[in-house]
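Data block for work_37.cif (mmCIF, C-alpha atoms):
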```cif
data_upload
loop_
_atom_site.label_atom_id
_atom_site.label_comp_id
_atom_site.auth_asym_id
_atom_site.auth_seq_id
_atom_site.Cartn_x
_atom_site.Cartn_y
_atom_site.Cartn_z
CA MET A 15 97.79 91.90 63.74
CA TYR A 16 94.18 93.03 64.08
CA THR A 17 93.27 96.63 63.49
CA THR A 18 91.00 98.24 66.07
CA ASP A 19 88.02 98.08 63.73
CA MET A 20 88.64 94.40 62.97
CA ASN A 21 88.96 93.62 66.67
CA PHE A 22 85.73 95.49 67.45
CA LYS A 23 83.80 93.75 64.64
CA LYS A 24 85.11 90.33 65.60
CA TYR A 25 83.64 90.60 69.10
CA SER A 26 80.67 92.89 68.46
CA GLY A 27 77.43 91.64 69.95
CA ARG A 28 79.27 89.71 72.67
CA MET A 29 79.64 91.83 75.79
CA TYR A 30 82.57 90.20 77.53
CA CYS A 31 83.64 91.80 80.81
CA PHE A 32 86.60 93.44 79.08
CA SER A 33 85.51 93.39 75.45
CA PRO A 34 86.17 96.39 73.15
CA PRO A 35 82.64 97.83 73.57
CA VAL A 36 83.02 97.68 77.35
CA MET A 37 86.48 99.26 77.19
CA LEU A 38 85.06 102.10 75.11
CA ALA A 39 82.07 102.59 77.42
CA THR A 40 84.38 102.61 80.47
CA PHE A 41 86.65 105.18 78.83
CA ILE A 42 83.66 107.45 78.12
CA PHE A 43 82.33 107.05 81.67
CA GLU A 44 85.66 107.85 83.31
CA PHE A 45 86.31 110.93 81.17
CA CYS A 46 82.74 112.14 81.75
CA ALA A 47 83.27 111.58 85.48
CA ALA A 48 86.42 113.72 85.36
CA ALA A 49 84.52 116.45 83.50
CA TYR A 50 81.75 116.26 86.12
CA VAL A 51 84.24 116.77 88.97
CA ILE A 52 85.69 119.83 87.23
CA TRP A 53 82.19 121.24 86.63
CA ARG A 54 80.66 120.37 90.00
CA TYR A 55 83.44 121.08 92.51
CA LYS A 56 85.89 123.83 93.28
CA MET A 57 89.41 122.80 92.33
CA THR A 58 91.32 121.85 95.45
CA THR A 59 94.16 119.39 95.99
CA THR A 60 91.61 116.62 96.56
CA THR A 61 89.50 117.34 93.47
CA ARG A 62 92.59 117.77 91.26
CA LEU A 63 93.95 114.41 92.39
CA ILE A 64 90.63 112.64 91.82
CA THR A 65 90.33 114.27 88.39
CA GLY A 66 93.86 113.15 87.55
CA MET A 67 93.14 109.57 88.61
CA LEU A 68 89.93 109.47 86.56
CA VAL A 69 91.76 110.80 83.50
CA ALA A 70 94.54 108.22 83.99
CA LEU A 71 91.99 105.41 84.26
CA GLY A 72 90.15 106.62 81.17
CA THR A 73 93.40 106.97 79.22
CA PHE A 74 94.29 103.38 80.00
CA GLN A 75 90.91 102.20 78.76
CA LEU A 76 91.37 104.18 75.54
CA ALA A 77 94.87 102.73 75.10
CA GLU A 78 93.52 99.23 75.71
CA TYR A 79 90.75 99.76 73.17
CA MET A 80 93.33 100.97 70.65
CA ILE A 81 95.96 98.33 71.50
CA CYS A 82 95.74 96.85 68.01
CA GLY A 83 96.60 100.23 66.49
CA GLY A 84 94.77 103.34 65.37
CA LEU A 85 94.71 107.17 65.28
CA GLY A 86 98.22 107.25 63.86
CA MET A 87 99.77 105.18 66.66
CA ASN A 88 100.81 101.53 66.55
CA GLY A 89 100.10 98.93 69.22
CA GLU A 90 103.41 99.41 70.99
CA GLN A 91 102.84 103.16 71.35
CA TRP A 92 99.36 102.62 72.74
CA ALA A 93 100.73 99.99 75.15
CA ARG A 94 103.36 102.47 76.39
CA LEU A 95 100.70 105.13 76.91
CA GLY A 96 98.52 102.62 78.76
CA TYR A 97 101.30 101.55 81.09
CA VAL A 98 102.37 105.13 81.85
CA SER A 99 98.79 106.15 82.63
CA ILE A 100 98.17 103.37 85.14
CA THR A 101 101.61 103.86 86.68
CA LEU A 102 100.40 107.29 87.84
CA LEU A 103 97.60 105.83 89.95
CA PRO A 104 99.43 104.51 93.06
CA ALA A 105 101.30 107.78 93.72
CA LEU A 106 98.23 109.92 93.05
CA GLY A 107 96.24 107.65 95.36
CA ILE A 108 98.75 108.00 98.20
CA HIS A 109 98.69 111.78 97.73
CA LEU A 110 94.88 111.75 97.72
CA ILE A 111 94.71 109.76 100.97
CA ALA A 112 97.20 112.15 102.62
CA SER A 113 95.15 115.11 101.35
CA LEU A 114 91.89 113.69 102.70
CA ALA A 115 93.57 113.06 106.08
CA GLY A 116 95.14 116.53 106.16
CA LYS A 117 98.60 115.02 106.48
CA GLN A 118 101.81 116.67 105.24
CA SER A 119 104.12 113.69 104.78
CA LYS A 120 106.83 114.92 102.42
CA ALA A 121 108.96 111.77 102.71
CA LEU A 122 105.99 109.56 101.84
CA LEU A 123 104.96 111.63 98.82
CA TYR A 124 108.55 112.03 97.62
CA THR A 125 109.04 108.24 97.70
CA ALA A 126 105.73 107.58 95.95
CA TYR A 127 106.28 110.12 93.17
CA THR A 128 109.93 109.16 92.66
CA SER A 129 108.99 105.51 92.13
CA MET A 130 106.13 106.59 89.83
CA LEU A 131 108.46 108.70 87.68
CA ALA A 132 111.03 105.91 87.50
CA PHE A 133 108.51 103.35 86.22
CA SER A 134 106.87 105.88 83.89
CA ALA A 135 110.22 106.66 82.28
CA TYR A 136 110.99 102.93 82.05
CA PHE A 137 107.77 102.19 80.19
CA ALA A 138 107.94 105.28 78.02
CA PHE A 139 111.53 105.08 76.82
CA THR A 140 112.96 101.54 77.16
CA PRO A 141 113.50 100.22 73.60
CA GLY A 142 111.80 96.94 72.72
CA LEU A 143 110.06 96.67 76.08
CA LEU A 144 106.52 96.17 74.73
CA ASN A 145 107.10 94.75 71.26
CA ILE A 146 104.81 91.78 71.90
CA HIS A 147 101.18 92.34 72.78
CA GLU A 148 98.06 90.37 72.05
CA CYS A 149 94.42 91.24 71.43
CA ARG A 150 92.04 88.84 73.13
CA PRO A 151 88.24 88.85 73.29
CA ASN A 152 88.03 89.71 76.97
CA TYR A 153 91.26 91.50 77.83
CA ALA A 154 94.46 92.80 76.26
CA VAL A 155 97.86 91.33 77.06
CA PHE A 156 100.81 93.65 77.62
CA ASP A 157 103.88 91.43 77.52
CA LEU A 158 106.78 92.14 79.91
CA ASP A 159 109.68 89.99 81.01
CA GLN A 160 109.22 88.16 84.30
CA VAL A 161 111.63 90.34 86.28
CA SER A 162 109.91 93.56 85.17
CA THR A 163 106.50 92.07 85.89
CA THR A 164 107.53 91.04 89.42
CA ILE A 165 109.12 94.39 90.30
CA TYR A 166 106.20 96.33 88.85
CA GLY A 167 103.74 94.14 90.75
CA LEU A 168 105.58 94.89 94.00
CA TYR A 169 105.45 98.61 93.19
CA TYR A 170 101.76 98.53 92.35
CA TYR A 171 100.38 96.28 95.06
CA GLY A 172 102.85 97.69 97.59
CA TRP A 173 101.49 101.22 97.23
CA LEU A 174 97.88 100.04 97.07
CA VAL A 175 98.23 98.08 100.31
CA THR A 176 100.08 101.03 101.87
CA GLY A 177 97.19 103.26 100.86
CA VAL A 178 94.62 100.98 102.50
CA VAL A 179 96.67 100.76 105.72
CA LEU A 180 97.23 104.52 105.93
CA ALA A 181 93.63 105.38 105.10
CA TYR A 182 92.36 103.02 107.80
CA ARG A 183 94.87 104.28 110.38
CA TRP A 184 94.18 107.95 109.67
CA SER A 185 90.40 107.35 109.70
CA ARG A 186 90.59 107.25 113.51
CA ASP A 187 90.22 111.02 113.30
CA GLN A 188 86.42 111.24 113.25
CA LYS A 189 86.40 114.46 111.19
CA VAL A 190 87.88 112.68 108.15
CA ALA A 191 86.86 109.10 108.92
CA ARG A 192 84.16 108.71 106.28
CA PRO A 193 86.09 109.74 103.12
CA LEU A 194 89.11 107.72 104.22
CA LEU A 195 87.02 104.61 104.87
CA TYR A 196 85.42 105.07 101.45
CA MET A 197 88.96 105.14 100.02
CA CYS A 198 89.62 101.80 101.71
CA VAL A 199 86.47 100.37 100.15
CA GLY A 200 87.36 101.79 96.71
CA TYR A 201 90.86 100.32 96.84
CA LEU A 202 89.54 96.92 97.89
CA LEU A 203 87.00 96.99 95.05
CA PHE A 204 89.98 97.68 92.78
CA MET A 205 92.22 94.93 94.15
CA VAL A 206 90.14 92.02 95.45
CA PRO A 207 88.26 91.14 92.23
CA THR A 208 91.52 91.17 90.22
CA THR A 209 93.26 88.92 92.74
CA THR A 210 90.24 86.58 92.77
CA VAL A 211 90.24 86.30 88.98
CA ASN A 212 93.98 85.53 89.01
CA LEU A 213 93.55 82.83 91.64
CA ILE A 214 90.68 81.19 89.76
CA ASP A 215 92.51 81.33 86.42
CA PRO A 216 96.30 81.87 86.77
CA SER A 217 96.63 82.42 83.01
CA THR A 218 94.94 85.81 83.47
CA THR A 219 98.04 87.15 85.22
CA ALA A 220 99.28 88.07 81.74
CA GLY A 221 96.43 90.57 81.54
CA ILE A 222 96.58 92.05 85.07
CA PRO A 223 96.70 95.73 83.94
CA SER A 224 93.71 95.16 81.68
CA ILE A 225 91.73 93.19 84.25
CA MET A 226 92.53 95.52 87.15
CA CYS A 227 91.50 98.61 85.20
CA GLY A 228 88.34 96.84 84.11
CA PHE A 229 87.36 96.66 87.78
CA ALA A 230 88.63 100.22 88.33
CA VAL A 231 85.27 101.54 87.13
CA LEU A 232 84.11 100.59 90.64
CA LEU A 233 86.82 102.84 92.05
CA ALA A 234 85.65 105.68 89.78
CA ILE A 235 82.07 105.25 91.03
CA ASP A 236 83.37 105.28 94.62
CA PHE A 237 85.18 108.59 93.94
CA ILE A 238 82.13 110.31 92.47
CA PHE A 239 79.35 109.12 94.75
CA PHE A 240 81.12 108.54 98.06
CA VAL A 241 84.65 109.94 98.49
CA LEU A 242 84.04 113.41 97.06
CA PRO A 243 80.68 114.15 98.73
CA SER A 244 81.93 112.90 102.11
CA SER A 245 85.20 114.84 101.80
CA LYS A 246 83.28 118.05 101.10
CA ALA A 247 81.08 117.39 104.14
CA ALA A 248 84.21 116.87 106.25
CA GLU A 249 85.66 120.15 104.95
CA ARG A 250 82.50 122.03 105.97
CA ILE A 251 82.65 120.56 109.49
CA THR A 252 86.31 121.51 109.80
CA THR A 253 85.65 125.03 108.52
CA LYS A 254 82.77 125.55 110.97
CA GLY A 255 84.92 124.30 113.83
CA ALA A 256 87.72 126.70 112.90
CA SER A 257 85.22 129.60 112.66
CA LYS A 258 83.86 128.89 116.16
CA LYS A 259 87.36 128.85 117.64
CA THR A 260 88.15 132.15 115.93
CA ALA A 261 84.93 133.69 117.25
#
```
Will you turn the file into structure tokens for me?
Amino acid sequence: MYTTDMNFKKYSGRMYCFSPPVMLATFIFEFCAAAYVIWRYKMTTTTRLITGMLVALGTFQLAEYMICGGLGMNGEQWARLGYVSITLLPALGIHLIASLAGKQSKALLYTAYTSMLAFSAYFAFTPGLLNIHECRPNYAVFDLDQVSTTIYGLYYYGWLVTGVVLAYRWSRDQKVARPLLYMCVGYLLFMVPTTTVNLIDPSTTAGIPSIMCGFAVLLAIDFIFFVLPSSKAAERITTKGASKKTA
């Protein structure tokens, strides 16, 4: 098994799309983005959810960078941490879309968070689940049995597609249309490149979490430069409208 340092040295100087230097740079960017949100914006449900998603994305990138072991944790422990962190994203995303739309759908959020907790517990505590993992030059492989992979894929893509559908449907309300449409774009930037890579080279399906979160930097950029600014603008319009009615 490679150590993290050995893996980094082996591929240093070759900037693959998902090479260790890129993983590290992505981790730094996503954590800095989370810090920026905390510094720049008042903490609301929307900003807390975006901060949480950025931290989860950054944590996965750190876990992927450390997948060969390091900082007192072995590869299996880092793999578990990586899987738990990305398992948070679909439920947080559904909650974020509902928050941006001003919807109070308890049944939807309860279902999303219950499924998230179930998979998180499965990855965190199931013995021998992630004993086999592999360090490759352009992505890390987290090995699961076929049944687990299929069910987890349905969970992940199911909630992502649900998020796109809901965001588009709720964007018909002109007051919140822009941030919700930006969420659609961010989700598609997250999903479409991964699916394209898998169709071009089916062998990459073994590295879907790694590949998907490599493209997730586009989602992080969408959060910072489009979703948040537009959501704050929508909040100001709503607040002014409420003030006029009160007056």
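You will find CA of Gly177 (chain A) at 28.0 Å from CA of Val36 (chain A).
Interatomic distance, CA of Trp92 (chain A) to CA of Tyr171 (chain A): 23.2 Å.
Going from CA of Tyr182 (chain A) to CA of Val51 (chain A) covers 24.7 Å.
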Any chance you could work out the residue set of the PyMOL selection byres ((chain A and resi 62) around 12) here, as a short mmCIF file (atom, residue, chain, number, x, y, z; two decimals) with C-alpha atoms, in the frame of the given file?
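So the final result, stored in expr.cif, reads:
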```cif
data_model
loop_
_atom_site.label_atom_id
_atom_site.label_comp_id
_atom_site.auth_asym_id
_atom_site.auth_seq_id
_atom_site.Cartn_x
_atom_site.Cartn_y
_atom_site.Cartn_z
CA ALA A 48 86.42 113.72 85.36
CA ALA A 49 84.52 116.45 83.50
CA VAL A 51 84.24 116.77 88.97
CA ILE A 52 85.69 119.83 87.23
CA TRP A 53 82.19 121.24 86.63
CA TYR A 55 83.44 121.08 92.51
CA LYS A 56 85.89 123.83 93.28
CA MET A 57 89.41 122.80 92.33
CA THR A 58 91.32 121.85 95.45
CA THR A 59 94.16 119.39 95.99
CA THR A 60 91.61 116.62 96.56
CA THR A 61 89.50 117.34 93.47
CA LEU A 63 93.95 114.41 92.39
CA ILE A 64 90.63 112.64 91.82
CA THR A 65 90.33 114.27 88.39
CA GLY A 66 93.86 113.15 87.55
CA MET A 67 93.14 109.57 88.61
CA LEU A 68 89.93 109.47 86.56
CA VAL A 69 91.76 110.80 83.50
CA LEU A 106 98.23 109.92 93.05
CA GLY A 107 96.24 107.65 95.36
CA HIS A 109 98.69 111.78 97.73
CA LEU A 110 94.88 111.75 97.72
CA SER A 113 95.15 115.11 101.35
CA LEU A 242 84.04 113.41 97.06
#
```
- Using all atoms listed in the file, find all polymer residues with an atom at most 10 Å away from the point (88.7, 110.7, 98.8); report them as a ChimeraX atom specification. /A:60-61,63-64,107,110-115,181,190,192-198,200,236-238,240-246
Residue neighbourhood region 135-144 of chain A, 6 Å, all atoms listed in the file, exclusion window fewer than 3 positions, as a PyMOL selection string
chain A and resi 90+94+132
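Each of A:Leu202, A:Thr210, A:Phe41, A:Phe133 was checked against Gly167 (chain A) using all atoms listed in the file; the smallest atom-to-atom distance is that of A:Phe133.
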Min atom-atom distance to Val98 (chain A) from the set A:Tyr79, A:Tyr201, A:Tyr166, A:Tyr50, counting only C-alpha atoms, belongs to A:Tyr166
Among A:Ser129, A:Gln188, A:Ser162, A:Ser99, Leu71 (chain A) is approached most closely, using all atoms listed in the file, by A:Ser99
Build an axis-aligned box that encloses every atom of region 92-110 of chain A listed in the file, pad it by 8 Å on each side, and report its centre and edge lengths in Å to one decimal, as AutoDock Vina command-line options.
```
--center_x 99.1 --center_y 105.9 --center_z 85.5 --size_x 24.5 --size_y 27.8 --size_z 41.5
```
